[in-house]
Each structure stands twice: as C-alpha cells, then as structure tokens.
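Visitor: First the structure, then my questions, so here it is.
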Amino acid sequence: MTIEDDRGQGPGGESVPMSPRRSRVASRDLERYAALFAERTRVMTSSAMRDLMAITERPEVISLAGGLPDTSTFPADDFAAIMGRIGTQTARALQYGPTDGLAGTKEAIAAVMAAEDTPVDPDDLLVTTGGQQVIDLVCKALIDPGDVIVAEGPTYPGAIPAFTAYQADVVQIALDDDGLPTDALEETLDQLEREGRRPKFIYTIPNFHNPGGVTMSLPRRHRLLQLARERELLVLEDNPYGVLRYEGDSLPTIFALERASGSGANEFVIYLGTFSKILSPGIRLGWAAGPHPVIEKLNMGKQGADLCSSTLGQLLVSEYFASGKWPGYVRRLKECYRRRRDTMLDALAEHAPAEATWTRPGGGLFLWATLPDWIDTTDLLARALSRNVAFVPGRAAFVDGRGASSMRLNFSGVTEDEIREGVRRIGEVIAEQVDLYGALTGARAAARPPAPAAPTDEALADILHLPRPGDRPRRADGAG
Ligand SMILES: Cc1ncc(COP(=O)(O)O)c(C=O)c1O
C-alpha cells in the first residue's frame with residue numbers, strides 16, 4: 001500500500017477507508033525507520049476503537065461502536081454565553097496556565113466530586129488533558145517494562161494502548177454482575193506474590209463499567225480497599241460515569257471510602273475523573289486526585305507531556321460550572337440516556353437470539369452483550385459493516401484474545417430510531433450466523449463450525465489490530 005492509497009476492501013468487497021495509521025504508512029517506509037524506533041514501539045498497539053471510528057465515520061453507518069456523549073444536547077445559547085464571557089478575558093484565555101490546573105477548574109472538579117459525596121483537597125488535584133492522560137501519566141510514573149497491572153476483563157479498550165506502550169504485563173480478572181470479584185482478585189494477588197511479582201496498580205472502573213456495563217457492589221468496594229491497604233497496593237479508580245446514574249442509589253466511590261476511614265487522607269487510591277461524558281469530550285479535560293506524592297509525580301510527568309491543559313477549555317469549564325446550570329444539564333442528559341438505554345434493551349429483547357445475554361446497566365453509556373461462543377464478533381462486525389452498522393468487538397477489551405463472542409454496544413451517541421434500526425440489523429447478521437451454524441451442524445451445540453465465508457474477516461481483524469483467541473498477552477520483551 002502506498003501513502004496515497006488510503007482505501008481498503010470492505011466486507012462486501014467494496015472500497016472502505018483504512019485505519020489512519022495503516023493508510024498513511026507503507027510497510028516499506030516503516031522498515032526505513034525500524035532501527036530508530038524505541039524498543040517499546042514493538043509492543044505498542046493502536047486503539048481498536050479509534051481505528052474503528054475511522055471506518056464508521058461514513059454517515060450511512062449507524063455506529064453503536066463509539067463512546068460518544070450526545071453533544072447536540074448542550075444548549076447552543078449557553079455555549080454562546082460562556083464563550084462571550086471568556087471573550088472578556090482574552091489575554092488569560094490565550095495564555096499558558098499552571099501545570100496542575102486553574103483554581104476555577106479545580107472548583108468545578110470539587111463540585112462534580114461532591115455530587116458523588118467525594119470530598120477532595122484542591123492540593124491533591126491535577127487537571128489533565130482528558131481522563132486518558134491520567135491513565136498514561138499513572139503508567140509513566142509507575143510502570144517499568146514487565147511490571148504487572150491488574151485490570152478487569154473486559155477492561156476499557158482505550159487503556160490497553162497506554163498499558164502496552166509502557167510494556168506492562170496486564171493480568172485481567174473476569175468481571176461478574178457485581179463488578180470486579182474480589183475473591184478472584186485475592187487469588188490472583190496471592191499467585192503473583194508466589195511468583196515474586198507485585199502489581200504496580202489495580203485498574204478498576206467501578207461504576208457502569210466501560211465496556212462491561214456492570215457496577216461494583218459496596219462489599220466489594222470495601223474489600224478492594226482492604227486488600228489494597230493490607231498489601232500496600234495502589235488502586236486506579238476510573239470513574240467517568242458515576243454521575244450518569246439512571247436508577248437506584250449511588251454507591252460511595254472507593255476514593256471516598258478510603259478518605260472516610262483511617263487517616264482521613266488518601267494513601268492508596270488514585271481517582272480519575274473527566275468532563276468528557278457530562279459536558280464535552282472535545283475540551284479534553286479530566287483530572288486525577290490522589291495521594292500527594294503520587295500526584296506530584298504525575299505533575300512532573302505532565303510537565304514533560306504537555307506543560308498544562310488547555311487554558312481555554314479550563315475557562316469554559318469554570319465559567320459553565322460557576323453559572324450553576326450543570327446539575328440541570330446532567331439531569332436532562334440522564335433522562336435522554338435512560339430512554340436510549342431502555343430502547344436498546346427492548347430492541348435486544350426483540351432481535352437478539354435466545355442464546356444471547358447482555359448486561360442491564362443502571363447508568364453510563366454501554367452494555368456488553370455475549371453471543372453463543374461459536375460466534376466471533378470480529379467476524380460478525382465485518383458482516384455488520386456491510387449492513388452499515390457497527391459495534392466494538394469484545395476482543396478489543398482484552399489483551400489476550402478473550403471476549404471473542406462478546407460486543408460492546410453504545411446507546412448514548414445515537415437516536416432511539418437509530419438504536420432500534422442498528423440492533424435490528426445486528427440481529428439479522430446474528431440470525432444468519434445461527435442459521436448457517438444450524439445448517440452446518442444440525443444442532444446448536446458442540447464443536448465450532450468451519451468459519452463462515454466472510455472474505456474480509458481477517459483483514460478487519462488486522463485493521464483493528466485485535467488479539468486473536470489464544471494469543472498470549474504481550475510481554476515486556478516483545479515475546480508472545
Ligand atoms: C473508562 C474510561 N476511562 C477513561 C476514558 C477517557 O476519557 P477522556 O480522555 O475523554 O476523559 C474513557 C472514555 O471513554 C473511559 O470510558
């Protein structure tokens with residue numbers, strides 16, 4: 001492929017845009033630089049979700065693949081008024097800011113955290129360029145090649161490229177309906193200890209998991225904290241969705257539980273928050289809160305990464321939060337997303353095969369559906385794209401090829417009509433697979449059938465850089 005050649009072959013043989021990385025770089029060109037690239041680039045992975053976004057940006061595709069909040073719900077008048085107010089402080093808006101963030105932004109962060117009964121000391125906050133930067137900075141501060149990160153399985157697909165870029169060895173523990181099973185966590189920690197390995201941190205998304213759609217129970221939150229304390233392990237609590245709760249009572253954050261018990265300070269829990277899902281992902285603002293020495297190291301890492309987060313974005317946040325309108329907006333968002341979630345649940349009940357299961361998230365943006373184990377959702381995605389509908393194949397949320405028969409479905413960034421139509425189309429391609437399987441085997445059980453003919457399955461898996469079932473997690477030395 002040449003630099004100019006930015007189209008690949010789609011599921012039906014039609015021409016489709018290739019992933020940005022593949023499209024721009026011919027393998028011939030890569031070879032020219034091979035001796036110059038750092039060792040870590042051998043194990044770096046591209047985010048399957050971001051590659052998928054390039055494929056699904058065609059307007060005719062109903063994408064249930066994104067993690068996009070519906071920014072069209074933000075009142076245009078409010079936006080214009082905020083921008084007008086920022087316009088009165090031009091010099092400041094166009095200037096560098098302190099690395100740890102502007103005071104007004106920290107006040108807004110404190111307000112969001114207070115909505116989840118999570119007090120925070122402004123000195124323990126670092127404003128970041130999205131929550132994604134927190135994951136990167138935590139890895140930068142803690143991970144040497146080969147160090148262990150314990151994560152949930154599935155985990156946030158966007159965390160995987162950060163973990164692999166720092167050559168971490170990611171150990172994933174299967175989620176269940178109550179979130180991260182702490183018994184299994186304890187067994188894993190014991191096993192790692194026997195091997196002489198101490199994880200650098202435990203990465204968890206306790207509320208409305210992306211992509212799992214489940215929420216960690218209160219007893220497990222307590223137990224996780226207890227394990228972290230007993231073993232002196234850091235926990236990275238990633239909480240973009242906590243305030244997007246559609247039903248039931250909210251549960252305390254692990255960060256708040258730690259602060260409320262013991263010394264009244266945070267010793268082991270690092271908290272990640274973001275404005276992406278409650279205001280705008282485009283302003284790229286998130287934050288970390290945590291033990292002071294850890295935040296200091298993250299601050300140093302950020303100085304080397306980008307000096308400070310956008311001053312303009314931070315002023316937008318502080319102006320908006322100072323206006324007092326955000327609780328009303330979040331309330332409207334929740335109503336809208338709750339309806340979309342319910343529409344998706346109803347559509348799945350109508351169109352998914354009897355063998356399928358899916359989570360029923362009490363909040364957040366995603367649900368996780370699991371099909372019979374002889375269906376590989378990466379293959380299925382190739383077929384779904386030919387019907388102009390997309391989802392995230394489950395393998396994107398694992399480092400080792402697990403999750404092959406699962407998929408992540410997003411309900412926040414699409415209308416209710418699109419949800420109904422998208423799920424109907426996915427139901428159709430699944431039904432075809434089920435019929436084919438039935439025809440091939442005469443039954444819906446036992447051995448996996450020969451892979452159905454879908455000419456570009458391999459190409460798609462390749463474009464998305466997904467691990468295959470049975471793949472070993474990539475190790476720091478690049479082996480496996
Ligand atoms: C669990 C989780 N963590 C972190 C992020 C990163 O968000 P952002 O960088 O937009 O704040 C996301 C985005 O979808 C997410 O779902």
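By convention in this document, the chains of the structure tokens carry letters A, B, ... by their order, each chain's residues are numbered from 1, and ligands are numbered from 1 in the order they are shown.
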Within 7 Å of ligand 1, counting only C-alpha atoms and all ligand atoms, which protein or nucleic acid residues do you find, written as a list in words?

Guide: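 What falls inside 7 Å of ligand 1 is Gly67, Thr129, Gly130, Gly131, Gln132, Gln133, Tyr156, Gly158, Ile205, His209, Asn210, Asp238, Asn239, Pro240, Thr274, Phe275, Ser276, Pro281, Arg284, Leu285 and Gly286 of chain A.
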
Visitor: Going by DSSP on the backbone, which bits of stretch 183-227 of chain A are strand (DSSP E)? Write them as a list of chain:residue names, please.

Guide: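 Across stretch 183-227 of chain A, those assigned strand (DSSP E) are A:Phe201, A:Ile202, A:Tyr203, A:Thr204.
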
Visitor: Include N, CA and C atoms and write out the residues we just selected as a JSON list (two decimals), in the first residue's frame.

Guide:
```json
[["chain", "number", "residue", "atom", "x", "y", "z"],
["A", 201, "PHE", "N", -0.32, -1.42, 40.08],
["A", 201, "PHE", "CA", -1.63, -0.90, 40.47],
["A", 201, "PHE", "C", -2.75, -1.81, 39.96],
["A", 202, "ILE", "N", -3.90, -1.62, 40.60],
["A", 202, "ILE", "CA", -5.10, -2.33, 40.19],
["A", 202, "ILE", "C", -5.99, -1.30, 39.51],
["A", 203, "TYR", "N", -6.35, -1.59, 38.28],
["A", 203, "TYR", "CA", -7.14, -0.64, 37.49],
["A", 203, "TYR", "C", -8.59, -1.10, 37.49],
["A", 204, "THR", "N", -9.48, -0.24, 37.98],
["A", 204, "THR", "CA", -10.89, -0.63, 38.04],
["A", 204, "THR", "C", -11.81, 0.51, 37.62]]
```

Visitor: For atom CA of A:Lys334 and atom CA of A:Arg245, determine how far apart the two atoms are, in Å to one decimal place.

Guide: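 Answer for the atom CA of A:Lys334 to atom CA of A:Arg245 separation: 7.0 Å.
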
Visitor: For A:Ile82, which of A:Ile375, A:Tyr320, A:Ile426, A:Leu348 is the closest residue, counting only C-alpha atoms?

Guide: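 Under the stated criterion, the closest residue is A:Tyr320.
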
Visitor: Hey, what's within 8 Å of A:Glu116 if we count only C-alpha atoms and toss same-chain stuff fewer than 4 positions away? As a ChimeraX atom specification, please?

Guide: /A:112,242-243,250,252-253

Visitor: Please write the residues from the selection above to a file, keeping N, CA and C atoms, as a PDB file, in the first residue's frame.

Guide:
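The result, stored in out20.pdb:
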```pdb
ATOM      1  N   VAL A 112     -18.182  18.459  41.012  1.00  0.00           N
ATOM      2  CA  VAL A 112     -18.582  17.182  40.407  1.00  0.00           C
ATOM      3  C   VAL A 112     -18.340  16.045  41.397  1.00  0.00           C
ATOM      4  N   GLY A 242     -19.884   7.874  36.981  1.00  0.00           N
ATOM      5  CA  GLY A 242     -20.576   7.792  38.271  1.00  0.00           C
ATOM      6  C   GLY A 242     -21.811   8.674  38.374  1.00  0.00           C
ATOM      7  N   VAL A 243     -21.754   9.905  37.830  1.00  0.00           N
ATOM      8  CA  VAL A 243     -22.918  10.786  37.981  1.00  0.00           C
ATOM      9  C   VAL A 243     -24.009  10.484  36.947  1.00  0.00           C
ATOM     10  N   SER A 250     -26.834   5.905  44.607  1.00  0.00           N
ATOM     11  CA  SER A 250     -25.418   5.867  44.248  1.00  0.00           C
ATOM     12  C   SER A 250     -24.608   5.204  45.359  1.00  0.00           C
ATOM     13  N   PRO A 252     -20.807   4.772  47.310  1.00  0.00           N
ATOM     14  CA  PRO A 252     -19.634   5.623  47.555  1.00  0.00           C
ATOM     15  C   PRO A 252     -18.469   5.243  46.644  1.00  0.00           C
ATOM     16  N   THR A 253     -17.705   6.248  46.239  1.00  0.00           N
ATOM     17  CA  THR A 253     -16.501   5.933  45.472  1.00  0.00           C
ATOM     18  C   THR A 253     -15.490   5.266  46.412  1.00  0.00           C
TER      19      THR A 253
END
```

Visitor: Could you tell me which of A:Trp368, A:Ala141, A:Leu436, A:Pro122 comes closest to A:Leu175 if we count only C-alpha atoms?

Guide: A:Trp368
